[in-house]
Structures are given as structure tokens and as C-alpha cells.
file model.cif (mmCIF, C-alpha atoms)
data_input
loop_
_atom_site.label_atom_id
_atom_site.label_comp_id
_atom_site.auth_asym_id
_atom_site.auth_seq_id
_atom_site.Cartn_x
_atom_site.Cartn_y
_atom_site.Cartn_z
CA MET A 1 156.73 163.13 -30.19
CA ALA A 2 153.17 164.45 -29.94
CA PRO A 3 152.30 165.97 -26.56
CA LEU A 4 150.33 163.74 -24.20
CA ALA A 5 147.35 166.09 -24.24
CA ALA A 6 146.94 165.43 -27.97
CA GLU A 7 146.87 161.64 -27.59
CA ASN A 8 143.71 159.58 -27.36
CA CYS A 9 143.03 157.03 -24.66
CA VAL A 10 143.12 153.44 -25.79
CA VAL A 11 140.81 150.70 -24.57
CA CYS A 12 142.30 149.23 -21.41
CA ARG A 13 141.37 145.71 -20.39
CA ALA A 14 141.77 144.04 -17.01
CA GLY A 15 145.12 142.28 -17.00
CA ALA A 16 146.90 144.99 -19.01
CA PRO A 17 150.21 145.83 -17.34
CA THR A 18 150.54 148.90 -15.12
CA MET A 19 153.23 151.37 -16.14
CA THR A 20 156.80 150.63 -15.15
CA ALA A 21 158.88 153.08 -13.09
CA ASN A 22 160.85 153.91 -16.23
CA GLU A 23 157.72 154.66 -18.23
CA ILE A 24 156.41 156.88 -15.43
CA GLU A 25 159.72 158.74 -15.24
CA GLU A 26 159.66 159.29 -18.98
CA LEU A 27 156.17 160.82 -19.09
CA LYS A 28 156.15 162.66 -15.76
CA PRO A 29 157.94 165.82 -17.06
CA GLN A 30 154.99 166.46 -19.37
CA ILE A 31 152.67 166.73 -16.37
CA SER A 32 155.10 168.30 -13.92
CA ASP A 33 152.42 169.71 -11.57
CA TRP A 34 151.08 166.23 -10.82
CA LYS A 35 152.24 164.00 -8.00
CA VAL A 36 152.44 160.24 -8.19
CA ILE A 37 150.91 159.06 -4.92
CA GLU A 38 149.94 155.70 -3.48
CA ARG A 39 146.45 155.36 -2.00
CA ASP A 40 145.17 152.05 -0.66
CA GLY A 41 148.12 150.36 -2.36
CA ILE A 42 147.23 151.86 -5.76
CA LEU A 43 149.44 154.33 -7.62
CA GLN A 44 147.51 157.42 -8.70
CA LEU A 45 148.20 160.79 -10.31
CA GLU A 46 146.98 163.71 -8.21
CA ARG A 47 146.91 167.48 -8.67
CA PHE A 48 145.31 170.38 -6.80
CA TYR A 49 143.93 173.28 -8.88
CA ALA A 50 143.36 176.52 -6.96
CA PHE A 51 140.14 178.53 -7.41
CA ARG A 52 138.65 181.61 -5.77
CA ASN A 53 135.30 180.25 -4.67
CA PHE A 54 133.04 177.22 -4.73
CA THR A 55 131.28 178.23 -7.94
CA GLN A 56 134.57 178.37 -9.86
CA SER A 57 135.66 175.04 -8.39
CA LEU A 58 132.35 173.40 -9.30
CA ALA A 59 132.53 174.73 -12.86
CA PHE A 60 135.94 173.07 -13.27
CA THR A 61 134.62 169.83 -11.79
CA ASN A 62 131.88 169.81 -14.40
CA GLU A 63 134.35 170.53 -17.21
CA ILE A 64 136.51 167.59 -16.14
CA ALA A 65 133.42 165.39 -15.86
CA ALA A 66 132.38 166.29 -19.43
CA LEU A 67 135.87 165.38 -20.66
CA ALA A 68 135.72 162.12 -18.70
CA GLU A 69 132.35 161.17 -20.20
CA GLU A 70 133.65 161.95 -23.67
CA VAL A 71 136.56 159.53 -23.41
CA GLY A 72 134.92 157.01 -21.05
CA HIS A 73 137.60 157.27 -18.37
CA HIS A 74 136.70 158.81 -15.01
CA PRO A 75 138.71 160.38 -12.20
CA ALA A 76 137.97 161.11 -8.56
CA ILE A 77 137.28 164.83 -8.13
CA LEU A 78 137.29 166.58 -4.77
CA THR A 79 135.45 169.90 -5.02
CA GLU A 80 136.10 172.51 -2.31
CA TRP A 81 135.81 176.31 -1.96
CA VAL A 82 139.59 176.72 -2.29
CA GLY A 83 140.01 174.46 -5.29
CA VAL A 84 139.69 171.08 -6.94
CA THR A 85 141.82 167.99 -6.38
CA VAL A 86 141.82 165.52 -9.26
CA SER A 87 143.02 161.91 -9.10
CA TRP A 88 143.51 159.70 -12.14
CA TRP A 89 144.18 155.99 -12.10
CA THR A 90 142.84 152.96 -13.93
CA HIS A 91 140.44 150.88 -11.87
CA LYS A 92 140.67 147.83 -14.13
CA ILE A 93 144.41 147.42 -13.57
CA LYS A 94 144.48 148.95 -10.06
CA GLY A 95 147.23 151.34 -11.06
CA LEU A 96 148.58 153.72 -13.67
CA HIS A 97 148.09 153.32 -17.42
CA ARG A 98 149.30 155.66 -20.15
CA ASN A 99 145.64 156.76 -20.39
CA ASP A 100 145.97 158.38 -16.95
CA PHE A 101 148.91 160.50 -18.08
CA ILE A 102 146.96 161.49 -21.18
CA MET A 103 143.96 162.49 -19.04
CA ALA A 104 146.18 164.41 -16.58
CA ALA A 105 147.60 166.40 -19.50
CA LYS A 106 144.11 167.00 -20.91
CA THR A 107 142.94 168.17 -17.45
CA ASP A 108 145.85 170.64 -17.33
CA ALA A 109 144.75 171.93 -20.73
CA LEU A 110 141.27 172.71 -19.31
CA TYR A 111 142.64 174.81 -16.45
CA LYS A 112 142.68 178.55 -17.00
CA GLY A 113 143.68 179.55 -13.47
CA GLY A 114 141.63 180.41 -10.41
CA MET B 1 111.41 169.55 18.30
CA ALA B 2 111.56 170.34 14.59
CA PRO B 3 113.77 168.00 12.54
CA LEU B 4 117.27 169.29 11.71
CA ALA B 5 116.53 169.26 7.99
CA ALA B 6 113.82 171.86 8.54
CA GLU B 7 116.10 174.27 10.41
CA ASN B 8 117.91 177.17 8.80
CA CYS B 9 121.62 177.84 9.17
CA VAL B 10 122.51 180.84 11.30
CA VAL B 11 125.35 183.24 10.64
CA CYS B 12 128.49 181.79 12.20
CA ARG B 13 131.33 184.14 13.13
CA ALA B 14 134.95 183.29 13.83
CA GLY B 15 135.26 182.76 17.56
CA ALA B 16 131.89 181.05 17.91
CA PRO B 17 132.28 177.88 20.00
CA THR B 18 132.50 174.48 18.33
CA MET B 19 129.89 171.96 19.45
CA THR B 20 130.47 170.09 22.67
CA ALA B 21 130.59 166.29 22.84
CA ASN B 22 127.17 166.36 24.51
CA GLU B 23 125.65 168.52 21.79
CA ILE B 24 127.10 166.22 19.12
CA GLU B 25 125.71 163.17 20.89
CA GLU B 26 122.29 164.77 21.11
CA LEU B 27 122.03 165.59 17.38
CA LYS B 28 123.86 162.61 15.91
CA PRO B 29 120.84 160.22 15.95
CA GLN B 30 119.08 162.53 13.48
CA ILE B 31 121.89 161.96 10.95
CA SER B 32 122.69 158.36 11.81
CA ASP B 33 124.40 157.54 8.49
CA TRP B 34 127.06 160.19 9.08
CA LYS B 35 130.38 159.63 10.79
CA VAL B 36 132.13 162.18 12.96
CA ILE B 37 135.75 162.04 11.81
CA GLU B 38 138.86 164.06 12.58
CA ARG B 39 140.89 165.31 9.60
CA ASP B 40 143.94 167.52 10.06
CA GLY B 41 142.87 168.04 13.67
CA ILE B 42 139.40 169.27 12.65
CA LEU B 43 136.17 167.43 13.47
CA GLN B 44 134.03 166.88 10.38
CA LEU B 45 130.82 165.09 9.44
CA GLU B 46 131.28 162.64 6.56
CA ARG B 47 128.97 160.38 4.59
CA PHE B 48 129.31 158.26 1.45
CA TYR B 49 126.30 158.08 -0.91
CA ALA B 50 126.36 155.18 -3.38
CA PHE B 51 125.51 155.72 -7.06
CA ARG B 52 125.55 153.54 -10.18
CA ASN B 53 127.77 155.61 -12.43
CA PHE B 54 129.68 158.85 -12.73
CA THR B 55 126.78 160.76 -14.26
CA GLN B 56 124.52 159.99 -11.29
CA SER B 57 127.28 160.91 -8.84
CA LEU B 58 127.93 164.20 -10.63
CA ALA B 59 124.24 165.07 -10.65
CA PHE B 60 124.14 164.65 -6.87
CA THR B 61 127.30 166.75 -6.49
CA ASN B 62 125.59 169.54 -8.40
CA GLU B 63 122.44 169.26 -6.29
CA ILE B 64 124.46 169.57 -3.10
CA ALA B 65 126.38 172.51 -4.57
CA ALA B 66 123.12 174.30 -5.39
CA LEU B 67 121.93 173.78 -1.81
CA ALA B 68 125.28 175.04 -0.52
CA GLU B 69 125.10 178.20 -2.63
CA GLU B 70 121.56 178.81 -1.42
CA VAL B 71 122.52 178.82 2.25
CA GLY B 72 126.06 180.15 1.84
CA HIS B 73 127.71 177.17 3.56
CA HIS B 74 129.91 174.84 1.50
CA PRO B 75 131.10 171.25 1.95
CA ALA B 76 133.91 169.23 0.43
CA ILE B 77 132.47 166.83 -2.16
CA LEU B 78 134.38 163.88 -3.58
CA THR B 79 132.79 162.72 -6.83
CA GLU B 80 133.60 159.19 -8.04
CA TRP B 81 131.99 156.60 -10.32
CA VAL B 82 130.82 154.54 -7.33
CA GLY B 83 129.41 157.43 -5.34
CA VAL B 84 129.82 160.75 -3.59
CA THR B 85 131.51 161.44 -0.26
CA VAL B 86 130.37 164.64 1.44
CA SER B 87 132.16 166.37 4.32
CA TRP B 88 130.65 169.21 6.33
CA TRP B 89 132.49 171.37 8.86
CA THR B 90 132.75 175.07 9.58
CA HIS B 91 135.98 176.64 8.35
CA LYS B 92 135.61 179.77 10.47
CA ILE B 93 135.64 177.84 13.73
CA LYS B 94 137.77 174.92 12.49
CA GLY B 95 135.22 172.41 13.69
CA LEU B 96 131.57 171.47 13.94
CA HIS B 97 128.72 173.97 14.30
CA ARG B 98 125.02 173.16 14.49
CA ASN B 99 124.90 174.44 10.87
CA ASP B 100 126.88 171.37 9.80
CA PHE B 101 124.31 169.01 11.31
CA ILE B 102 121.54 170.97 9.60
CA MET B 103 123.36 170.71 6.26
CA ALA B 104 124.03 166.99 6.75
CA ALA B 105 120.30 166.44 7.33
CA LYS B 106 119.44 168.56 4.29
CA THR B 107 121.94 166.55 2.19
CA ASP B 108 120.26 163.33 3.31
CA ALA B 109 116.92 164.79 2.22
CA LEU B 110 118.33 165.31 -1.32
CA TYR B 111 119.41 161.67 -1.70
CA LYS B 112 117.00 159.41 -3.52
CA GLY B 113 119.27 156.37 -3.71
CA GLY B 114 121.77 155.24 -6.34
#
call {"tool": "encode", "arguments": {"input": "model.cif", "output": "C-alpha cells"}}
result
Amino acid sequence: MAPLAAENCVVCRAGAPTMTANEIEELKPQISDWKVIERDGILQLERFYAFRNFTQSLAFTNEIAALAEEVGHHPAILTEWVGVTVSWWTHKIKGLHRNDFIMAAKTDALYKGG
Amino acid sequence: MAPLAAENCVVCRAGAPTMTANEIEELKPQISDWKVIERDGILQLERFYAFRNFTQSLAFTNEIAALAEEVGHHPAILTEWVGVTVSWWTHKIKGLHRNDFIMAAKTDALYKGG
């Protein structure tokens, strides 16, 4: 099976099903540094990336944003001196889609350490 | 009295006192769109700025970051499609310093609407 990071996002329409617990369990090992969390009743993928200062954190934020623009799927990005926290979920379905796992893996691929 | 946005941050050392309730009450009207919140036991100033898309939000994040670098005081910035949430507090004193009110006012001055 091709790694998640090499997959492309598909168009996701409102009404598409969110991922099942089994599907999440199957893909999760490929993005082992991410947590599945629930925020405001919505499942999200979240990961903190450590950096050494605000400039490094901001540079990573901008890299993720460029990736997001490219594929048309956007995360929430918290930029702080100590690092960057990224959250992926799919607004249209208020939950997790395979696209979010693909984007989490692509975000990991951008990270070169802080 | 000069407006907060026109003041400069002063050097803040660990051990400097956090602002008193009276001091907060006195300055708060100058940054009326900000909330004083407590997160992990630390008082912070927080405001959400609405934007129309991720690109606009990211541009504002970068403007705030440039301001932060200039004065050497850095916020937490949450960048999302719908807008940007900014939090100011002073790490060294684990709370609010007059610098945070100055930076909140300067952040307001950057915002031209979403």
C-alpha cells in the first residue's frame, strides 16, 4: 500500500461519511505522533511540533499554509515561540475524513525538526 | 494620556509583578474587544479577528509576527480559515504585564477588517 503522504486528497462533499473507528485504527499507525482528540464534539487530528524560537515556528506555519493552499484543505495552526500545534479535520463533515490523515502525513513530511 | 498603541514595551524581567485587578480595569477600556481569560492558571488577553479565507488570516498572522519580532515580545496566534485568535501574556512573569496591553492595542491597529 502506498504511504499516506503520497496520496492525494479527494473532493469531499457535505454528507460524506466520517471515518469509522476501524478505519481510524487502521491508518493511525502511519501518523503515530498525532493524537485523535475531540473538540466541540468534533474529532480532530492534532500534533505539536517543537521549534527553538518564534521565527522557526512561523516558517513552519507558512510551509503548512502553502501545502494547504495547494490541495485546498486547511488546518488550524497555533503558532507559538516553543512550537506549532496543527489540527486537521474536515469542516464539511464535522469530523475526520481520509484527507485529514493524508494531510497529517504530508505535514509530518514537511517537518525537519526544531 | 497617550493611547496604549503609541507606547513602547519596556524590558520585563522575571520577578516583575503581574498587573493588579485595578490596573487591568483601568487599561481594559482601551482594548475593549479583548477578553481577559485564564488558561492553565495564567491570565491572558485574547481576541478573535474575523477574516474571509485562510490567505487573509495567514497574512494577518504574518503581520502580527513581524510586529512581535520588532518589539521582541511574542503572542500565541491561532490561524484558521474563519479568522485569527491572538493571545498575549508575559511568559517570564506567568501573567499580564502592561506590555501585553500595549501589544493588544498595537495588534488592533494592524487590523483592517476581514
call {"tool": "resolve_selection", "arguments": {"input": "model.cif", "expression": "the PyMOL selection byres ((chain B and resi 26-43) around 7)", "output": "number ranges by chain"}}
result
B: 22-25, 44-47, 94-96, 104-105
call {"tool": "closest_residue", "arguments": {"input": "model.cif", "among": "B:Glu69, B:Glu80, B:Glu7, B:Glu63", "to": "chain A", "atoms": "only C-alpha atoms"}}
result
B:Glu80
call {"tool": "closest_atom_pairs", "arguments": {"input": "model.cif", "of": "chain A", "to": "chain B", "cutoff": "6 Å", "atoms": "all atoms listed in the file", "output": "JSON lines"}}
result
{"residue": "A:Ala76", "atom": "CA", "partner": "B:Glu80", "partner_atom": "CA", "distance": 4.8}
{"residue": "A:Ile77", "atom": "CA", "partner": "B:Thr79", "partner_atom": "CA", "distance": 5.1}
{"residue": "A:Leu78", "atom": "CA", "partner": "B:Leu78", "partner_atom": "CA", "distance": 4.1}
{"residue": "A:Thr79", "atom": "CA", "partner": "B:Ile77", "partner_atom": "CA", "distance": 5.1}
{"residue": "A:Glu80", "atom": "CA", "partner": "B:Ala76", "partner_atom": "CA", "distance": 4.8}
call {"tool": "resolve_selection", "arguments": {"input": "model.cif", "expression": "the PyMOL selection byres ((chain B and resi 16) around 9)", "output": "list in words"}}
result
Cys12, Arg13, Ala14, Gly15, Pro17, Thr18, Lys92, Ile93 and His97 of chain B
call {"tool": "closest_residue", "arguments": {"input": "model.cif", "among": "A:Tyr111, A:Ala21, A:Val71, A:Ala50", "to": "A:Asn99", "atoms": "only C-alpha atoms"}}
result
A:Val71
call {"tool": "atom_distance", "arguments": {"input": "model.cif", "atom1": "atom CA of B:Phe60", "atom2": "atom CA of A:Trp88"}}
result
20.7 Å
call {"tool": "calpha_fit_and_write", "arguments": {"input": "model.cif", "fixed": "chain B", "moving": "chain A", "output": "PDB file with C-alpha atoms, in the frame of the given file"}}
result
ATOM      1  CA  MET A   1     111.429 169.549  18.273  1.00  0.00           C
ATOM      2  CA  ALA A   2     111.584 170.358  14.559  1.00  0.00           C
ATOM      3  CA  PRO A   3     113.788 168.004  12.536  1.00  0.00           C
ATOM      4  CA  LEU A   4     117.263 169.292  11.707  1.00  0.00           C
ATOM      5  CA  ALA A   5     116.541 169.256   7.981  1.00  0.00           C
ATOM      6  CA  ALA A   6     113.825 171.872   8.530  1.00  0.00           C
ATOM      7  CA  GLU A   7     116.110 174.277  10.403  1.00  0.00           C
ATOM      8  CA  ASN A   8     117.920 177.180   8.799  1.00  0.00           C
ATOM      9  CA  CYS A   9     121.619 177.843   9.170  1.00  0.00           C
ATOM     10  CA  VAL A  10     122.506 180.822  11.294  1.00  0.00           C
ATOM     11  CA  VAL A  11     125.348 183.229  10.614  1.00  0.00           C
ATOM     12  CA  CYS A  12     128.494 181.800  12.172  1.00  0.00           C
ATOM     13  CA  ARG A  13     131.328 184.129  13.088  1.00  0.00           C
ATOM     14  CA  ALA A  14     134.953 183.282  13.804  1.00  0.00           C
ATOM     15  CA  GLY A  15     135.280 182.743  17.535  1.00  0.00           C
ATOM     16  CA  ALA A  16     131.885 181.043  17.902  1.00  0.00           C
ATOM     17  CA  PRO A  17     132.270 177.892  19.993  1.00  0.00           C
ATOM     18  CA  THR A  18     132.491 174.477  18.334  1.00  0.00           C
ATOM     19  CA  MET A  19     129.890 171.952  19.445  1.00  0.00           C
ATOM     20  CA  THR A  20     130.474 170.094  22.682  1.00  0.00           C
ATOM     21  CA  ALA A  21     130.573 166.281  22.840  1.00  0.00           C
ATOM     22  CA  ASN A  22     127.166 166.351  24.517  1.00  0.00           C
ATOM     23  CA  GLU A  23     125.652 168.505  21.792  1.00  0.00           C
ATOM     24  CA  ILE A  24     127.086 166.207  19.118  1.00  0.00           C
ATOM     25  CA  GLU A  25     125.705 163.141  20.891  1.00  0.00           C
ATOM     26  CA  GLU A  26     122.295 164.761  21.101  1.00  0.00           C
ATOM     27  CA  LEU A  27     122.027 165.580  17.388  1.00  0.00           C
ATOM     28  CA  LYS A  28     123.875 162.597  15.918  1.00  0.00           C
ATOM     29  CA  PRO A  29     120.841 160.215  15.953  1.00  0.00           C
ATOM     30  CA  GLN A  30     119.092 162.513  13.481  1.00  0.00           C
ATOM     31  CA  ILE A  31     121.876 161.952  10.954  1.00  0.00           C
ATOM     32  CA  SER A  32     122.695 158.351  11.810  1.00  0.00           C
ATOM     33  CA  ASP A  33     124.410 157.544   8.478  1.00  0.00           C
ATOM     34  CA  TRP A  34     127.068 160.199   9.069  1.00  0.00           C
ATOM     35  CA  LYS A  35     130.379 159.633  10.798  1.00  0.00           C
ATOM     36  CA  VAL A  36     132.123 162.178  12.965  1.00  0.00           C
ATOM     37  CA  ILE A  37     135.743 162.051  11.821  1.00  0.00           C
ATOM     38  CA  GLU A  38     138.853 164.072  12.558  1.00  0.00           C
ATOM     39  CA  ARG A  39     140.883 165.325   9.592  1.00  0.00           C
ATOM     40  CA  ASP A  40     143.938 167.525  10.058  1.00  0.00           C
ATOM     41  CA  GLY A  41     142.865 168.041  13.668  1.00  0.00           C
ATOM     42  CA  ILE A  42     139.397 169.267  12.633  1.00  0.00           C
ATOM     43  CA  LEU A  43     136.175 167.430  13.464  1.00  0.00           C
ATOM     44  CA  GLN A  44     134.015 166.897  10.383  1.00  0.00           C
ATOM     45  CA  LEU A  45     130.807 165.102   9.431  1.00  0.00           C
ATOM     46  CA  GLU A  46     131.277 162.651   6.569  1.00  0.00           C
ATOM     47  CA  ARG A  47     128.960 160.373   4.600  1.00  0.00           C
ATOM     48  CA  PHE A  48     129.314 158.252   1.464  1.00  0.00           C
ATOM     49  CA  TYR A  49     126.317 158.089  -0.910  1.00  0.00           C
ATOM     50  CA  ALA A  50     126.357 155.180  -3.368  1.00  0.00           C
ATOM     51  CA  PHE A  51     125.509 155.713  -7.057  1.00  0.00           C
ATOM     52  CA  ARG A  52     125.558 153.534 -10.163  1.00  0.00           C
ATOM     53  CA  ASN A  53     127.771 155.605 -12.420  1.00  0.00           C
ATOM     54  CA  PHE A  54     129.679 158.854 -12.718  1.00  0.00           C
ATOM     55  CA  THR A  55     126.776 160.761 -14.254  1.00  0.00           C
ATOM     56  CA  GLN A  56     124.516 159.978 -11.286  1.00  0.00           C
ATOM     57  CA  SER A  57     127.274 160.901  -8.841  1.00  0.00           C
ATOM     58  CA  LEU A  58     127.938 164.196 -10.624  1.00  0.00           C
ATOM     59  CA  ALA A  59     124.235 165.069 -10.648  1.00  0.00           C
ATOM     60  CA  PHE A  60     124.147 164.652  -6.858  1.00  0.00           C
ATOM     61  CA  THR A  61     127.291 166.751  -6.483  1.00  0.00           C
ATOM     62  CA  ASN A  62     125.594 169.546  -8.388  1.00  0.00           C
ATOM     63  CA  GLU A  63     122.432 169.259  -6.282  1.00  0.00           C
ATOM     64  CA  ILE A  64     124.466 169.577  -3.085  1.00  0.00           C
ATOM     65  CA  ALA A  65     126.378 172.514  -4.564  1.00  0.00           C
ATOM     66  CA  ALA A  66     123.102 174.313  -5.385  1.00  0.00           C
ATOM     67  CA  LEU A  67     121.927 173.776  -1.800  1.00  0.00           C
ATOM     68  CA  ALA A  68     125.278 175.034  -0.504  1.00  0.00           C
ATOM     69  CA  GLU A  69     125.102 178.202  -2.613  1.00  0.00           C
ATOM     70  CA  GLU A  70     121.561 178.823  -1.422  1.00  0.00           C
ATOM     71  CA  VAL A  71     122.515 178.827   2.249  1.00  0.00           C
ATOM     72  CA  GLY A  72     126.082 180.142   1.849  1.00  0.00           C
ATOM     73  CA  HIS A  73     127.724 177.179   3.568  1.00  0.00           C
ATOM     74  CA  HIS A  74     129.906 174.836   1.513  1.00  0.00           C
ATOM     75  CA  PRO A  75     131.100 171.263   1.963  1.00  0.00           C
ATOM     76  CA  ALA A  76     133.907 169.240   0.426  1.00  0.00           C
ATOM     77  CA  ILE A  77     132.471 166.849  -2.166  1.00  0.00           C
ATOM     78  CA  LEU A  78     134.385 163.895  -3.568  1.00  0.00           C
ATOM     79  CA  THR A  79     132.787 162.725  -6.816  1.00  0.00           C
ATOM     80  CA  GLU A  80     133.600 159.200  -8.037  1.00  0.00           C
ATOM     81  CA  TRP A  81     131.985 156.590 -10.324  1.00  0.00           C
ATOM     82  CA  VAL A  82     130.833 154.538  -7.320  1.00  0.00           C
ATOM     83  CA  GLY A  83     129.408 157.426  -5.343  1.00  0.00           C
ATOM     84  CA  VAL A  84     129.823 160.747  -3.597  1.00  0.00           C
ATOM     85  CA  THR A  85     131.511 161.450  -0.272  1.00  0.00           C
ATOM     86  CA  VAL A  86     130.370 164.634   1.445  1.00  0.00           C
ATOM     87  CA  SER A  87     132.154 166.378   4.322  1.00  0.00           C
ATOM     88  CA  TRP A  88     130.658 169.218   6.337  1.00  0.00           C
ATOM     89  CA  TRP A  89     132.486 171.366   8.839  1.00  0.00           C
ATOM     90  CA  THR A  90     132.749 175.070   9.572  1.00  0.00           C
ATOM     91  CA  HIS A  91     135.971 176.636   8.348  1.00  0.00           C
ATOM     92  CA  LYS A  92     135.608 179.769  10.471  1.00  0.00           C
ATOM     93  CA  ILE A  93     135.632 177.826  13.741  1.00  0.00           C
ATOM     94  CA  LYS A  94     137.774 174.912  12.483  1.00  0.00           C
ATOM     95  CA  GLY A  95     135.220 172.400  13.683  1.00  0.00           C
ATOM     96  CA  LEU A  96     131.567 171.460  13.950  1.00  0.00           C
ATOM     97  CA  HIS A  97     128.714 173.951  14.298  1.00  0.00           C
ATOM     98  CA  ARG A  98     125.006 173.174  14.487  1.00  0.00           C
ATOM     99  CA  ASN A  99     124.881 174.440  10.875  1.00  0.00           C
ATOM    100  CA  ASP A 100     126.872 171.368   9.798  1.00  0.00           C
ATOM    101  CA  PHE A 101     124.315 169.009  11.318  1.00  0.00           C
ATOM    102  CA  ILE A 102     121.547 170.969   9.618  1.00  0.00           C
ATOM    103  CA  MET A 103     123.354 170.715   6.263  1.00  0.00           C
ATOM    104  CA  ALA A 104     124.037 166.979   6.758  1.00  0.00           C
ATOM    105  CA  ALA A 105     120.313 166.431   7.333  1.00  0.00           C
ATOM    106  CA  LYS A 106     119.434 168.563   4.298  1.00  0.00           C
ATOM    107  CA  THR A 107     121.938 166.558   2.196  1.00  0.00           C
ATOM    108  CA  ASP A 108     120.254 163.321   3.324  1.00  0.00           C
ATOM    109  CA  ALA A 109     116.931 164.797   2.223  1.00  0.00           C
ATOM    110  CA  LEU A 110     118.331 165.317  -1.313  1.00  0.00           C
ATOM    111  CA  TYR A 111     119.406 161.688  -1.684  1.00  0.00           C
ATOM    112  CA  LYS A 112     117.010 159.422  -3.531  1.00  0.00           C
ATOM    113  CA  GLY A 113     119.279 156.377  -3.734  1.00  0.00           C
ATOM    114  CA  GLY A 114     121.762 155.245  -6.353  1.00  0.00           C
TER     115      GLY A 114
END
call {"tool": "atom_distance", "arguments": {"input": "model.cif", "atom1": "atom CA of A:Ile102", "atom2": "atom CA of B:Gln56"}}
result
24.6 Å
call {"tool": "atom_distance", "arguments": {"input": "model.cif", "atom1": "atom CA of A:Ser57", "atom2": "atom CA of B:His91"}}
result
16.8 Å
call {"tool": "closest_residue", "arguments": {"input": "model.cif", "among": "A:Arg52, A:Thr20, A:Ala109, A:Trp89", "to": "A:Leu4", "atoms": "only C-alpha atoms"}}
result
A:Ala109
call {"tool": "decode", "arguments": {"input": "model.cif", "residues": "stretch 8-56 of chain A", "atoms": "C-alpha atoms", "output": "CSV table (one decimal), in the first residue's frame"}}
result
chain,number,residue,atom,x,y,z
A,8,ASN,CA,-3.8,12.9,-2.9
A,9,CYS,CA,-6.8,14.4,-1.2
A,10,VAL,CA,-10.1,13.7,-2.9
A,11,VAL,CA,-13.0,16.1,-3.2
A,12,CYS,CA,-15.1,15.8,0.0
A,13,ARG,CA,-18.7,16.8,-0.1
A,14,ALA,CA,-21.1,17.6,2.8
A,15,GLY,CA,-22.9,14.4,3.7
A,16,ALA,CA,-19.8,12.2,3.0
A,17,PRO,CA,-19.4,9.8,5.9
A,18,THR,CA,-16.8,10.4,8.7
A,19,MET,CA,-14.3,7.7,9.2
A,20,THR,CA,-15.2,4.7,11.3
A,21,ALA,CA,-13.3,3.7,14.4
A,22,ASN,CA,-11.9,0.8,12.4
A,23,GLU,CA,-10.7,3.0,9.6
A,24,ILE,CA,-9.1,5.3,12.1
A,25,GLU,CA,-7.3,2.5,13.8
A,26,GLU,CA,-6.0,1.2,10.5
A,27,LEU,CA,-4.5,4.5,9.4
A,28,LYS,CA,-3.3,5.8,12.8
A,29,PRO,CA,0.0,3.8,12.9
A,30,GLN,CA,1.1,5.8,9.8
A,31,ILE,CA,0.8,9.0,11.7
A,32,SER,CA,1.9,7.8,15.2
A,33,ASP,CA,2.8,11.2,16.6
A,34,TRP,CA,-0.7,12.5,16.1
A,35,LYS,CA,-3.5,12.4,18.7
A,36,VAL,CA,-7.1,11.9,17.8
A,37,ILE,CA,-8.9,14.4,20.0
A,38,GLU,CA,-12.5,15.7,20.3
A,39,ARG,CA,-13.1,19.4,20.3
A,40,ASP,CA,-16.5,20.9,20.4
A,41,GLY,CA,-17.9,17.5,19.6
A,42,ILE,CA,-15.8,17.1,16.5
A,43,LEU,CA,-13.0,14.5,16.1
A,44,GLN,CA,-9.7,16.1,15.0
A,45,LEU,CA,-6.1,15.1,14.5
A,46,GLU,CA,-3.6,17.1,16.5
A,47,ARG,CA,0.1,17.3,16.7
A,48,PHE,CA,2.6,19.6,18.4
A,49,TYR,CA,5.9,20.3,16.6
A,50,ALA,CA,8.7,21.7,18.7
A,51,PHE,CA,10.8,24.6,17.5
A,52,ARG,CA,13.5,26.8,19.0
A,53,ASN,CA,12.1,30.3,18.5
A,54,PHE,CA,9.1,32.2,17.0
A,55,THR,CA,10.8,32.7,13.7
A,56,GLN,CA,11.3,28.9,13.2
